[in-house]
$ cat final_30.cif   # mmCIF, C-alpha atoms and all ligand atoms
data_query
#
loop_
_atom_site.label_atom_id
_atom_site.label_comp_id
_atom_site.auth_asym_id
_atom_site.auth_seq_id
_atom_site.Cartn_x
_atom_site.Cartn_y
_atom_site.Cartn_z
CA MET G 1 -19.42 111.35 16.62
CA THR G 2 -17.49 111.35 19.89
CA GLU G 3 -18.76 113.57 22.72
CA LYS G 4 -15.47 115.50 22.75
CA LEU G 5 -15.72 116.33 19.05
CA LYS G 6 -19.40 117.23 19.32
CA LYS G 7 -18.62 119.64 22.15
CA GLU G 8 -15.69 121.23 20.30
CA LEU G 9 -17.67 121.67 17.07
CA LEU G 10 -20.63 123.19 18.90
CA GLU G 11 -18.42 125.56 20.88
CA CYS G 12 -16.58 126.63 17.77
CA ALA G 13 -19.78 127.19 15.77
CA ALA G 14 -21.34 129.25 18.58
CA TYR G 15 -18.19 131.37 18.87
CA VAL G 16 -17.91 131.88 15.09
CA ASN G 17 -21.61 132.76 14.86
CA SER G 18 -21.26 135.45 17.50
CA GLU G 19 -18.14 136.89 15.82
CA LEU G 20 -19.91 136.93 12.44
CA TYR G 21 -22.93 138.59 14.02
CA GLN G 22 -20.69 141.29 15.48
CA THR G 23 -18.94 141.80 12.15
CA VAL G 24 -22.28 142.41 10.42
CA ASN G 25 -23.47 144.72 13.18
CA ASN G 26 -20.32 146.81 12.89
CA TYR G 27 -21.45 147.77 9.37
CA ARG G 28 -24.85 148.82 10.66
CA ASN G 29 -23.26 150.84 13.45
CA SER G 30 -20.80 152.62 11.20
CA GLU G 31 -21.07 156.40 10.78
CA ILE G 32 -21.08 156.01 7.00
CA TYR G 33 -23.81 153.35 6.90
CA THR G 34 -27.04 154.58 5.30
CA ASP G 35 -30.53 153.09 5.11
CA GLU G 36 -30.08 152.35 1.40
CA MET G 37 -27.52 149.72 2.41
CA SER G 38 -29.88 147.87 4.73
CA GLU G 39 -30.93 145.17 2.23
CA LEU G 40 -27.34 144.55 1.21
CA VAL G 41 -26.26 144.05 4.83
CA ALA G 42 -29.36 141.94 5.56
CA SER G 43 -28.61 139.79 2.51
CA ALA G 44 -25.02 139.16 3.66
CA GLU G 45 -26.27 138.44 7.18
CA TYR G 46 -28.95 136.05 5.87
CA SER G 47 -26.35 133.73 4.32
CA LEU G 48 -23.61 134.23 6.90
CA LEU G 49 -25.87 133.31 9.79
CA ALA G 50 -27.81 130.53 8.06
CA GLY G 51 -26.07 127.74 9.95
CA GLY G 52 -23.34 125.88 8.15
CA LYS G 53 -20.90 123.50 9.75
CA ARG G 54 -18.16 126.16 10.15
CA LEU G 55 -15.55 123.58 9.13
CA ARG G 56 -13.07 126.08 7.72
CA PRO G 57 -13.02 128.21 10.89
CA PHE G 58 -12.74 125.02 12.96
CA LEU G 59 -9.74 123.81 10.96
CA CYS G 60 -8.10 127.22 11.10
CA MET G 61 -8.48 127.55 14.86
CA TYR G 62 -7.47 123.92 15.44
CA PHE G 63 -4.19 124.31 13.55
CA CYS G 64 -3.45 127.48 15.49
CA TYR G 65 -3.83 125.41 18.66
CA LEU G 66 -1.71 122.56 17.20
CA CYS G 67 1.01 125.12 16.54
CA GLY G 68 1.05 126.09 20.19
CA LYS G 69 -1.14 129.19 20.44
CA ASP G 70 -4.62 129.79 21.87
CA ALA G 71 -7.07 128.84 19.10
CA ARG G 72 -8.80 132.23 19.43
CA THR G 73 -5.67 133.98 18.16
CA ALA G 74 -6.81 132.83 14.71
CA THR G 75 -10.29 134.40 15.05
CA PRO G 76 -9.98 137.09 12.33
CA LEU G 77 -8.60 134.54 9.89
CA ALA G 78 -11.36 132.05 10.72
CA ILE G 79 -14.00 134.75 10.19
CA ALA G 80 -12.45 135.84 6.88
CA LEU G 81 -12.48 132.21 5.68
CA GLU G 82 -16.16 131.79 6.49
CA MET G 83 -16.99 135.09 4.75
CA ILE G 84 -15.24 133.89 1.60
CA HIS G 85 -16.85 130.45 1.82
CA THR G 86 -20.29 132.07 2.22
CA TYR G 87 -19.73 134.41 -0.73
CA SER G 88 -18.79 131.39 -2.89
CA LEU G 89 -22.04 129.64 -1.93
CA ILE G 90 -24.15 132.74 -2.70
CA HIS G 91 -22.54 133.18 -6.12
CA ASP G 92 -22.55 129.45 -6.89
CA ASP G 93 -26.34 129.37 -6.39
CA LEU G 94 -27.04 132.27 -8.79
CA PRO G 95 -29.01 131.58 -11.99
CA CYS G 96 -25.87 132.14 -14.10
CA MET G 97 -24.08 129.39 -12.13
CA ASP G 98 -25.92 126.41 -10.60
CA ASN G 99 -29.29 128.17 -10.39
CA ASP G 100 -30.21 126.57 -7.06
CA ASP G 101 -33.11 127.53 -4.84
CA LEU G 102 -32.15 125.80 -1.58
CA ARG G 103 -29.03 126.26 0.57
CA ARG G 104 -28.33 125.57 4.23
CA GLY G 105 -31.98 124.54 4.53
CA ARG G 106 -33.36 127.90 3.35
CA PRO G 107 -34.23 129.59 0.07
CA THR G 108 -31.03 130.74 -1.65
CA ASN G 109 -29.94 134.35 -1.23
CA HIS G 110 -31.10 135.56 -4.65
CA LYS G 111 -34.52 133.96 -4.12
CA VAL G 112 -34.99 136.22 -1.09
CA TYR G 113 -33.08 139.40 -2.01
CA GLY G 114 -32.97 139.25 -5.80
CA GLU G 115 -30.03 138.55 -8.07
CA ALA G 116 -28.43 141.99 -7.98
CA THR G 117 -28.34 142.25 -4.18
CA ALA G 118 -27.18 138.62 -3.82
CA LEU G 119 -24.34 139.31 -6.25
CA LEU G 120 -23.33 142.45 -4.34
CA ALA G 121 -23.60 140.72 -0.95
CA GLY G 122 -21.18 138.06 -2.23
CA ASP G 123 -18.85 140.74 -3.58
CA ALA G 124 -18.97 142.61 -0.28
CA LEU G 125 -18.23 139.47 1.77
CA LEU G 126 -15.23 138.65 -0.41
CA THR G 127 -13.84 142.17 -0.17
CA GLU G 128 -14.55 142.65 3.52
CA ALA G 129 -12.90 139.32 4.38
CA PHE G 130 -9.55 140.90 3.58
CA ASN G 131 -10.45 143.98 5.61
CA VAL G 132 -11.15 141.76 8.63
CA ILE G 133 -7.61 140.39 8.37
CA ALA G 134 -5.95 143.74 7.64
CA SER G 135 -7.73 145.42 10.57
CA SER G 136 -6.94 142.65 13.05
CA GLU G 137 -4.41 142.69 15.86
CA LEU G 138 -2.21 140.01 14.31
CA CYS G 139 1.34 141.10 13.57
CA ASP G 140 2.00 142.68 10.15
CA ALA G 141 4.01 139.68 8.89
CA SER G 142 1.15 137.28 9.72
CA LYS G 143 -1.41 139.57 8.09
CA VAL G 144 0.57 139.82 4.85
CA GLN G 145 1.15 136.05 4.72
CA ALA G 146 -2.50 135.34 5.45
CA ILE G 147 -3.75 137.78 2.79
CA LYS G 148 -1.31 136.38 0.23
CA ILE G 149 -2.31 132.77 0.85
CA LEU G 150 -6.04 133.41 1.08
CA SER G 151 -6.12 135.47 -2.13
CA GLU G 152 -4.11 132.81 -3.98
CA LYS G 153 -6.20 129.89 -2.74
CA ALA G 154 -9.54 131.63 -3.37
CA GLY G 155 -8.45 133.37 -6.57
CA MET G 156 -7.75 132.87 -10.27
CA LEU G 157 -5.68 129.70 -9.99
CA GLY G 158 -7.51 128.46 -6.90
CA MET G 159 -11.21 128.21 -6.04
CA ILE G 160 -12.34 130.48 -8.91
CA GLY G 161 -10.15 128.65 -11.40
CA GLY G 162 -11.64 125.37 -10.17
CA GLN G 163 -15.15 126.71 -10.64
CA GLU G 164 -14.28 127.73 -14.21
CA ILE G 165 -12.91 124.24 -15.01
CA ASP G 166 -16.08 122.80 -13.45
CA LEU G 167 -18.32 124.93 -15.68
CA LYS G 168 -16.27 124.01 -18.76
CA SER G 169 -16.53 120.31 -17.84
CA GLU G 170 -20.33 120.16 -17.71
CA GLY G 171 -21.72 117.59 -20.13
CA LYS G 172 -18.27 116.09 -20.70
CA ARG G 173 -16.68 112.89 -19.40
CA ILE G 174 -13.45 114.10 -17.79
CA SER G 175 -10.70 111.81 -16.50
CA LEU G 176 -10.44 111.03 -12.79
CA GLU G 177 -7.13 112.89 -12.78
CA THR G 178 -8.73 116.05 -14.21
CA LEU G 179 -11.61 115.65 -11.77
CA TYR G 180 -9.24 115.56 -8.78
CA ALA G 181 -7.39 118.61 -10.11
CA LEU G 182 -10.70 120.46 -10.49
CA GLN G 183 -12.01 119.48 -7.07
CA GLY G 184 -8.63 120.18 -5.50
CA LYS G 185 -8.97 123.78 -6.64
CA LYS G 186 -12.69 124.32 -6.22
CA THR G 187 -13.06 122.68 -2.81
CA GLY G 188 -9.58 121.74 -1.58
CA MET G 189 -7.78 125.03 -1.81
CA LEU G 190 -9.98 126.84 0.69
CA PHE G 191 -9.47 123.98 3.15
CA GLU G 192 -5.74 124.31 2.50
CA ALA G 193 -5.94 128.04 3.21
CA ALA G 194 -7.88 127.31 6.42
CA CYS G 195 -5.20 124.97 7.78
CA GLN G 196 -2.30 127.15 6.64
CA LEU G 197 -3.86 130.32 8.09
CA GLY G 198 -4.21 128.59 11.46
CA CYS G 199 -0.46 127.95 11.45
CA ILE G 200 0.25 131.51 10.37
CA ALA G 201 -1.84 132.92 13.23
CA ALA G 202 0.50 131.00 15.54
CA GLY G 203 3.58 132.37 13.77
CA CYS G 204 4.47 129.16 11.89
CA TYR G 205 5.47 129.90 8.30
CA GLU G 206 6.80 127.30 5.92
CA ASP G 207 8.06 125.06 8.74
CA LYS G 208 7.39 121.34 9.34
CA LYS G 209 4.00 122.03 10.94
CA PHE G 210 2.94 124.35 8.12
CA LYS G 211 3.88 121.72 5.53
CA ALA G 212 2.02 119.00 7.43
CA ALA G 213 -1.06 121.27 7.63
CA SER G 214 -0.92 121.73 3.85
CA GLU G 215 -0.57 117.99 3.15
CA PHE G 216 -3.31 117.17 5.64
CA ALA G 217 -5.64 119.70 3.98
CA LYS G 218 -5.11 118.21 0.53
CA ALA G 219 -6.07 114.70 1.69
CA PHE G 220 -8.91 116.05 3.87
CA GLY G 221 -10.27 118.09 0.94
CA ILE G 222 -10.35 115.08 -1.38
CA ALA G 223 -12.09 112.90 1.21
CA PHE G 224 -14.59 115.71 1.91
CA GLN G 225 -15.40 116.22 -1.77
CA ILE G 226 -15.79 112.49 -2.46
CA THR G 227 -18.26 112.30 0.43
CA ASP G 228 -20.05 115.31 -1.06
CA ASP G 229 -20.32 113.43 -4.37
CA ILE G 230 -21.68 110.39 -2.51
CA LEU G 231 -24.23 112.49 -0.59
CA ASP G 232 -25.45 114.08 -3.82
CA VAL G 233 -26.60 110.57 -4.78
CA THR G 234 -27.51 109.00 -1.42
CA GLY G 235 -28.58 112.01 0.70
CA SER G 236 -31.90 113.80 1.02
CA SER G 237 -32.49 117.50 0.48
CA GLU G 238 -33.97 117.69 4.03
CA GLU G 239 -30.74 116.39 5.56
CA LEU G 240 -28.41 118.32 3.28
CA GLY G 241 -30.32 121.58 3.19
CA LYS G 242 -29.73 121.78 -0.58
CA ASN G 243 -31.06 120.05 -3.67
CA ILE G 244 -29.75 116.57 -4.44
CA ASN G 245 -28.82 114.87 -7.73
CA SER G 246 -27.41 118.19 -8.90
CA ASP G 247 -24.34 116.53 -10.46
CA GLU G 248 -26.43 114.23 -12.61
CA LYS G 249 -28.74 117.09 -13.64
CA SER G 250 -25.81 119.24 -14.78
CA GLU G 251 -24.13 116.17 -16.33
CA LYS G 252 -21.01 116.43 -14.22
CA SER G 253 -18.40 113.71 -13.87
CA THR G 254 -17.92 112.86 -10.20
CA THR G 255 -15.94 110.33 -8.23
CA VAL G 256 -19.17 108.31 -7.98
CA SER G 257 -19.72 108.29 -11.75
CA HIS G 258 -16.09 107.16 -12.16
CA LEU G 259 -15.70 104.68 -9.34
CA GLY G 260 -19.24 103.68 -8.41
CA LEU G 261 -20.63 104.19 -4.88
CA GLU G 262 -18.54 101.49 -3.21
CA GLY G 263 -15.37 102.54 -5.05
CA ALA G 264 -15.93 106.15 -4.03
CA ARG G 265 -16.47 105.12 -0.39
CA LEU G 266 -13.19 103.18 -0.39
CA GLU G 267 -11.37 106.12 -1.97
CA ALA G 268 -12.77 108.52 0.66
CA GLU G 269 -11.60 106.11 3.39
CA ARG G 270 -8.15 105.93 1.83
CA TYR G 271 -7.76 109.73 1.83
CA THR G 272 -9.19 109.99 5.35
CA ASP G 273 -6.58 107.53 6.60
CA LYS G 274 -3.89 109.51 4.80
CA ALA G 275 -5.07 112.76 6.40
CA LYS G 276 -5.05 111.20 9.88
CA ASP G 277 -1.59 109.66 9.36
CA ILE G 278 -0.13 113.04 8.42
CA LEU G 279 -1.62 114.57 11.56
CA THR G 280 -0.46 111.92 13.99
CA GLU G 281 3.05 111.73 12.47
CA THR G 282 3.62 115.46 12.95
CA PHE G 283 1.55 116.41 15.97
CA GLY G 284 1.26 113.03 17.72
CA GLY G 285 -0.25 112.43 21.15
CA ASN G 286 -3.66 113.55 22.21
CA SER G 287 -3.56 117.00 20.68
CA CYS G 288 -5.00 115.94 17.32
CA THR G 289 -7.58 113.41 18.58
CA ALA G 290 -10.61 115.64 17.93
CA LEU G 291 -9.37 116.49 14.43
CA CYS G 292 -8.84 112.79 13.62
CA ASP G 293 -12.37 112.16 14.91
CA LEU G 294 -13.64 114.92 12.61
CA CYS G 295 -12.03 113.19 9.62
CA ASP G 296 -13.79 109.94 10.55
CA HIS G 297 -17.07 111.70 11.24
CA LEU G 298 -17.06 113.44 7.85
CA LEU G 299 -16.90 110.05 6.13
CA THR G 300 -20.29 109.10 7.54
CA ARG G 301 -21.82 112.60 7.69
CA ARG G 302 -25.36 113.11 6.43
CA ASN G 303 -25.04 116.84 5.79
C1 LIG G 401 -17.12 131.79 -6.47
C2 LIG G 401 -19.09 131.09 -7.87
C3 LIG G 401 -17.94 130.73 -7.06
C4 LIG G 401 -17.68 129.42 -6.90
C5 LIG G 401 -16.51 128.87 -6.28
C6 LIG G 401 -16.66 126.81 -3.70
C7 LIG G 401 -17.42 126.98 -4.94
C8 LIG G 401 -16.67 127.36 -6.16
C9 LIG G 401 -18.74 126.83 -5.01
C10 LIG G 401 -19.55 126.50 -3.84
C11 LIG G 401 -20.45 125.31 -4.07
C12 LIG G 401 -19.84 123.96 -3.90
C13 LIG G 401 -20.70 122.82 -4.22
C14 LIG G 401 -18.60 123.80 -3.50
C15 LIG G 401 -17.97 122.51 -3.27
C16 LIG G 401 -17.50 122.49 -1.87
C17 LIG G 401 -18.59 122.23 -0.93
C18 LIG G 401 -19.14 120.88 -0.83
C19 LIG G 401 -19.06 123.23 -0.22
C20 LIG G 401 -20.04 123.08 0.88
O1 LIG G 401 -19.28 123.20 2.05
P1 LIG G 401 -19.82 122.79 3.47
O2 LIG G 401 -20.39 121.40 3.42
O3 LIG G 401 -21.02 123.81 3.65
O4 LIG G 401 -18.75 123.05 4.47
P2 LIG G 401 -21.62 124.50 4.99
O5 LIG G 401 -22.99 124.97 4.57
O6 LIG G 401 -21.67 123.47 6.08
O7 LIG G 401 -20.71 125.64 5.30
#
$ encode --input "final_30.cif" --output "structure tokens"
Amino acid sequence: MTEKLKKELLECAAYVNSELYQTVNNYRNSEIYTDEMSELVASAEYSLLAGGKRLRPFLCMYFCYLCGKDARTATPLAIALEMIHTYSLIHDDLPCMDNDDLRRGRPTNHKVYGEATALLAGDALLTEAFNVIASSELCDASKVQAIKILSEKAGMLGMIGGQEIDLKSEGKRISLETLYALQGKKTGMLFEAACQLGCIAAGCYEDKKFKAASEFAKAFGIAFQITDDILDVTGSSEELGKNINSDEKSEKSTTVSHLGLEGARLEAERYTDKAKDILTETFGGNSCTALCDLCDHLLTRRN
């Protein structure tokens, strides 16, 4: 990883962590907070502040910058994205879903707080994410656009729909085409929302930059998910902070089971190149160097 990218990722993660910390503390400091809610808030805080690469906030803030505004303008949208991402991880780990006991290097939320509180913490994070946007200082048009896009990408025909297809596909051999459609929804759509919301924070709706952000996110999401499939086979649970070989255990088709390790690596490289081409064609110059470096770095990531 280049020094510039390392610095930018660290700065972004530190900033996002402090904003998330403040968001959680605002609940505790509210006049209508009561002691009975303390475990619920602690459970949400446990998963929100458990580390995580903060990729979705980074993408959101980066696209805001690429569209000509200070990256911090996108803060409420970046925070909302991470809240939704975290809720999806909490729910995905529940016994009725993947039944995992390790996430972000720690016991999963329900292992610490119990299933009911973990479920509610996820529900609260999802709901409150939209409150963070609605209560922000962005203009009304940006808020409405952001809420519309985020609810669509995370909702019935987006991330949730992808999860449902995933569950229905367990134990079956699905085509590569179906697999890409599934992963595009389950993983890709939140990345798409992240990039689009960054543009929206900067006041860019449906213009050339917005469209490039969307196309970039699709290619980025595929490359990211292929690498995730590869790491499930080649990584270690220490490095990844979660259990490995989960796809094989739940008999899931993956890009690795379809293409083999080398084929999957080549496919991830192909989509990474596509993502970088889209960026440089539209934004050119030095402005997207760190984001191109991130694409390359994610190909060889170990977590
Ligand atoms: C709402 C139950 C429910 C599920 C939605 C997104 C999702 C579907 C489930 C989450 C689990 C999962 C394996 C998603 C695939 C995308 C992925 C690899 C997520 C991990 O994202 P990273 O690597 O995680 O950005 P960190 O911990 O760094 O934030």
$ residues_around --input "final_30.cif" --residues "Met189 in chain G" --least-positions-apart "5" --cutoff "12 Å" --atoms "only C-alpha atoms" --output "count of residues only"
37
$ residues_around --input "final_30.cif" --residues "Ser135 in chain G" --least-positions-apart "5" --cutoff "9 Å" --atoms "only C-alpha atoms" --output "list of chain:residue names"
G:Pro76, G:Phe130, G:Lys143
$ residues_near_ligand --input "final_30.cif" --ligand "ligand LIG 401 (chain G)" --cutoff "7 Å" --atoms "all atoms listed in the file" --output "ChimeraX atom specification"
/G:51-55,85,87-89,91-92,97,104,159-160,162-163,186-187,225,228,303
$ residues_around --input "final_30.cif" --residues "Leu49 in chain G" --least-positions-apart "2" --cutoff "12 Å" --atoms "only C-alpha atoms" --output "PDB file with C-alpha atoms, in the coordinates of the input"
ATOM      1  CA  ALA G  13     -19.780 127.190  15.770  1.00  0.00           C
ATOM      2  CA  ALA G  14     -21.340 129.250  18.580  1.00  0.00           C
ATOM      3  CA  VAL G  16     -17.910 131.880  15.090  1.00  0.00           C
ATOM      4  CA  ASN G  17     -21.610 132.760  14.860  1.00  0.00           C
ATOM      5  CA  SER G  18     -21.260 135.450  17.500  1.00  0.00           C
ATOM      6  CA  GLU G  19     -18.140 136.890  15.820  1.00  0.00           C
ATOM      7  CA  LEU G  20     -19.910 136.930  12.440  1.00  0.00           C
ATOM      8  CA  TYR G  21     -22.930 138.590  14.020  1.00  0.00           C
ATOM      9  CA  GLN G  22     -20.690 141.290  15.480  1.00  0.00           C
ATOM     10  CA  THR G  23     -18.940 141.800  12.150  1.00  0.00           C
ATOM     11  CA  VAL G  24     -22.280 142.410  10.420  1.00  0.00           C
ATOM     12  CA  VAL G  41     -26.260 144.050   4.830  1.00  0.00           C
ATOM     13  CA  ALA G  42     -29.360 141.940   5.560  1.00  0.00           C
ATOM     14  CA  SER G  43     -28.610 139.790   2.510  1.00  0.00           C
ATOM     15  CA  ALA G  44     -25.020 139.160   3.660  1.00  0.00           C
ATOM     16  CA  GLU G  45     -26.270 138.440   7.180  1.00  0.00           C
ATOM     17  CA  TYR G  46     -28.950 136.050   5.870  1.00  0.00           C
ATOM     18  CA  SER G  47     -26.350 133.730   4.320  1.00  0.00           C
ATOM     19  CA  GLY G  51     -26.070 127.740   9.950  1.00  0.00           C
ATOM     20  CA  GLY G  52     -23.340 125.880   8.150  1.00  0.00           C
ATOM     21  CA  LYS G  53     -20.900 123.500   9.750  1.00  0.00           C
ATOM     22  CA  ARG G  54     -18.160 126.160  10.150  1.00  0.00           C
ATOM     23  CA  ILE G  79     -14.000 134.750  10.190  1.00  0.00           C
ATOM     24  CA  GLU G  82     -16.160 131.790   6.490  1.00  0.00           C
ATOM     25  CA  MET G  83     -16.990 135.090   4.750  1.00  0.00           C
ATOM     26  CA  THR G  86     -20.290 132.070   2.220  1.00  0.00           C
ATOM     27  CA  ARG G 104     -28.330 125.570   4.230  1.00  0.00           C
ATOM     28  CA  GLY G 105     -31.980 124.540   4.530  1.00  0.00           C
ATOM     29  CA  ARG G 106     -33.360 127.900   3.350  1.00  0.00           C
ATOM     30  CA  ASN G 109     -29.940 134.350  -1.230  1.00  0.00           C
TER      31      ASN G 109
END
$ residues_around --input "final_30.cif" --residues "range 35-39 of chain G" --least-positions-apart "3" --cutoff "12 Å" --atoms "all atoms listed in the file" --output "PyMOL selection string"
chain G and resi 24-25+27-32+42-46+109-110+112-114+116-118+120-121+124
$ write_last_selection --input "final_30.cif" --atoms "C-alpha atoms" --output "compact mmCIF listing (two decimals), keeping the file's coordinate frame"
# COMPACT_ATOMS: atom_id res chain seq x y z
CA VAL G 24 -22.28 142.41 10.42
CA ASN G 25 -23.47 144.72 13.18
CA TYR G 27 -21.45 147.77 9.37
CA ARG G 28 -24.85 148.82 10.66
CA ASN G 29 -23.26 150.84 13.45
CA SER G 30 -20.80 152.62 11.20
CA GLU G 31 -21.07 156.40 10.78
CA ILE G 32 -21.08 156.01 7.00
CA ALA G 42 -29.36 141.94 5.56
CA SER G 43 -28.61 139.79 2.51
CA ALA G 44 -25.02 139.16 3.66
CA GLU G 45 -26.27 138.44 7.18
CA TYR G 46 -28.95 136.05 5.87
CA ASN G 109 -29.94 134.35 -1.23
CA HIS G 110 -31.10 135.56 -4.65
CA VAL G 112 -34.99 136.22 -1.09
CA TYR G 113 -33.08 139.40 -2.01
CA GLY G 114 -32.97 139.25 -5.80
CA ALA G 116 -28.43 141.99 -7.98
CA THR G 117 -28.34 142.25 -4.18
CA ALA G 118 -27.18 138.62 -3.82
CA LEU G 120 -23.33 142.45 -4.34
CA ALA G 121 -23.60 140.72 -0.95
CA ALA G 124 -18.97 142.61 -0.28
$ closest_residue --input "final_30.cif" --among "G:Glu239, G:Glu267, G:Ala141, G:Glu3" --to "Ala202 in chain G" --atoms "all atoms listed in the file"
G:Ala141
$ residues_around --input "final_30.cif" --residues "Ser253 in chain G" --least-positions-apart "3" --cutoff "10 Å" --atoms "only C-alpha atoms" --output "PDB file with C-alpha atoms, in the frame of the given file"
ATOM      1  CA  ASP G 166     -16.080 122.800 -13.450  1.00  0.00           C
ATOM      2  CA  SER G 169     -16.530 120.310 -17.840  1.00  0.00           C
ATOM      3  CA  GLU G 170     -20.330 120.160 -17.710  1.00  0.00           C
ATOM      4  CA  GLY G 171     -21.720 117.590 -20.130  1.00  0.00           C
ATOM      5  CA  LYS G 172     -18.270 116.090 -20.700  1.00  0.00           C
ATOM      6  CA  ARG G 173     -16.680 112.890 -19.400  1.00  0.00           C
ATOM      7  CA  ILE G 174     -13.450 114.100 -17.790  1.00  0.00           C
ATOM      8  CA  SER G 175     -10.700 111.810 -16.500  1.00  0.00           C
ATOM      9  CA  LEU G 176     -10.440 111.030 -12.790  1.00  0.00           C
ATOM     10  CA  THR G 178      -8.730 116.050 -14.210  1.00  0.00           C
ATOM     11  CA  LEU G 179     -11.610 115.650 -11.770  1.00  0.00           C
ATOM     12  CA  ASP G 229     -20.320 113.430  -4.370  1.00  0.00           C
ATOM     13  CA  ASP G 247     -24.340 116.530 -10.460  1.00  0.00           C
ATOM     14  CA  GLU G 248     -26.430 114.230 -12.610  1.00  0.00           C
ATOM     15  CA  SER G 250     -25.810 119.240 -14.780  1.00  0.00           C
ATOM     16  CA  VAL G 256     -19.170 108.310  -7.980  1.00  0.00           C
ATOM     17  CA  SER G 257     -19.720 108.290 -11.750  1.00  0.00           C
ATOM     18  CA  HIS G 258     -16.090 107.160 -12.160  1.00  0.00           C
TER      19      HIS G 258
END
$ atom_distance --input "final_30.cif" --atom1 "CA of Ala201 in chain G" --atom2 "CA of Ala74 in chain G"
5.2 Å
$ closest_residue --input "final_30.cif" --among "G:Val132, G:Leu167, G:Ala212, G:Leu77" --to "Ala146 in chain G" --atoms "only C-alpha atoms"
G:Leu77
$ closest_residue --input "final_30.cif" --among "G:Leu66, G:Leu102, G:Leu190, G:Ile226" --to "Thr282 in chain G" --atoms "all atoms listed in the file"
G:Leu66
$ closest_residue --input "final_30.cif" --among "G:Gly198, G:Leu10, G:Leu48, G:Pro95" --to "Thr75 in chain G" --atoms "all atoms listed in the file"
G:Gly198
$ atom_distance --input "final_30.cif" --atom1 "CA of Ile278 in chain G" --atom2 "CA of Ala213 in chain G"
8.3 Å
$ atom_distance --input "final_30.cif" --atom1 "CA of Ala80 in chain G" --atom2 "CA of Ile133 in chain G"
6.8 Å
$ closest_residue --input "final_30.cif" --among "G:Leu291, G:Ala71, G:Phe58, G:Leu279" --to "Phe210 in chain G" --atoms "all atoms listed in the file"
G:Leu279
$ build_atoms --input "final_30.cif" --residues "range 225-237 of chain G" --atoms "N, CA and C atoms" --output "short mmCIF file (atom, residue, chain, number, x, y, z; two decimals), in the coordinates of the input"
data_model
loop_
_atom_site.label_atom_id
_atom_site.label_comp_id
_atom_site.auth_asym_id
_atom_site.auth_seq_id
_atom_site.Cartn_x
_atom_site.Cartn_y
_atom_site.Cartn_z
N GLN G 225 -14.69 116.06 -0.50
CA GLN G 225 -15.40 116.22 -1.77
C GLN G 225 -15.98 114.89 -2.27
N ILE G 226 -15.24 113.79 -2.04
CA ILE G 226 -15.79 112.49 -2.46
C ILE G 226 -17.08 112.22 -1.68
N THR G 227 -17.05 112.51 -0.37
CA THR G 227 -18.26 112.30 0.43
C THR G 227 -19.39 113.20 -0.07
N ASP G 228 -19.03 114.41 -0.50
CA ASP G 228 -20.05 115.31 -1.06
C ASP G 228 -20.66 114.71 -2.32
N ASP G 229 -19.82 114.11 -3.16
CA ASP G 229 -20.32 113.43 -4.37
C ASP G 229 -21.25 112.28 -3.99
N ILE G 230 -20.85 111.53 -2.95
CA ILE G 230 -21.68 110.39 -2.51
C ILE G 230 -23.03 110.90 -1.99
N LEU G 231 -22.98 111.97 -1.18
CA LEU G 231 -24.23 112.49 -0.59
C LEU G 231 -25.17 113.06 -1.65
N ASP G 232 -24.60 113.56 -2.74
CA ASP G 232 -25.45 114.08 -3.82
C ASP G 232 -26.32 112.97 -4.41
N VAL G 233 -25.85 111.71 -4.25
CA VAL G 233 -26.60 110.57 -4.78
C VAL G 233 -27.43 109.89 -3.68
N THR G 234 -26.85 109.80 -2.47
CA THR G 234 -27.51 109.00 -1.42
C THR G 234 -28.25 109.84 -0.38
N GLY G 235 -28.00 111.17 -0.35
CA GLY G 235 -28.58 112.01 0.70
C GLY G 235 -29.99 112.47 0.34
N SER G 236 -30.59 113.19 1.30
CA SER G 236 -31.90 113.80 1.02
C SER G 236 -31.76 115.31 1.14
N SER G 237 -32.62 116.03 0.43
CA SER G 237 -32.49 117.50 0.48
C SER G 237 -32.83 118.01 1.88
#
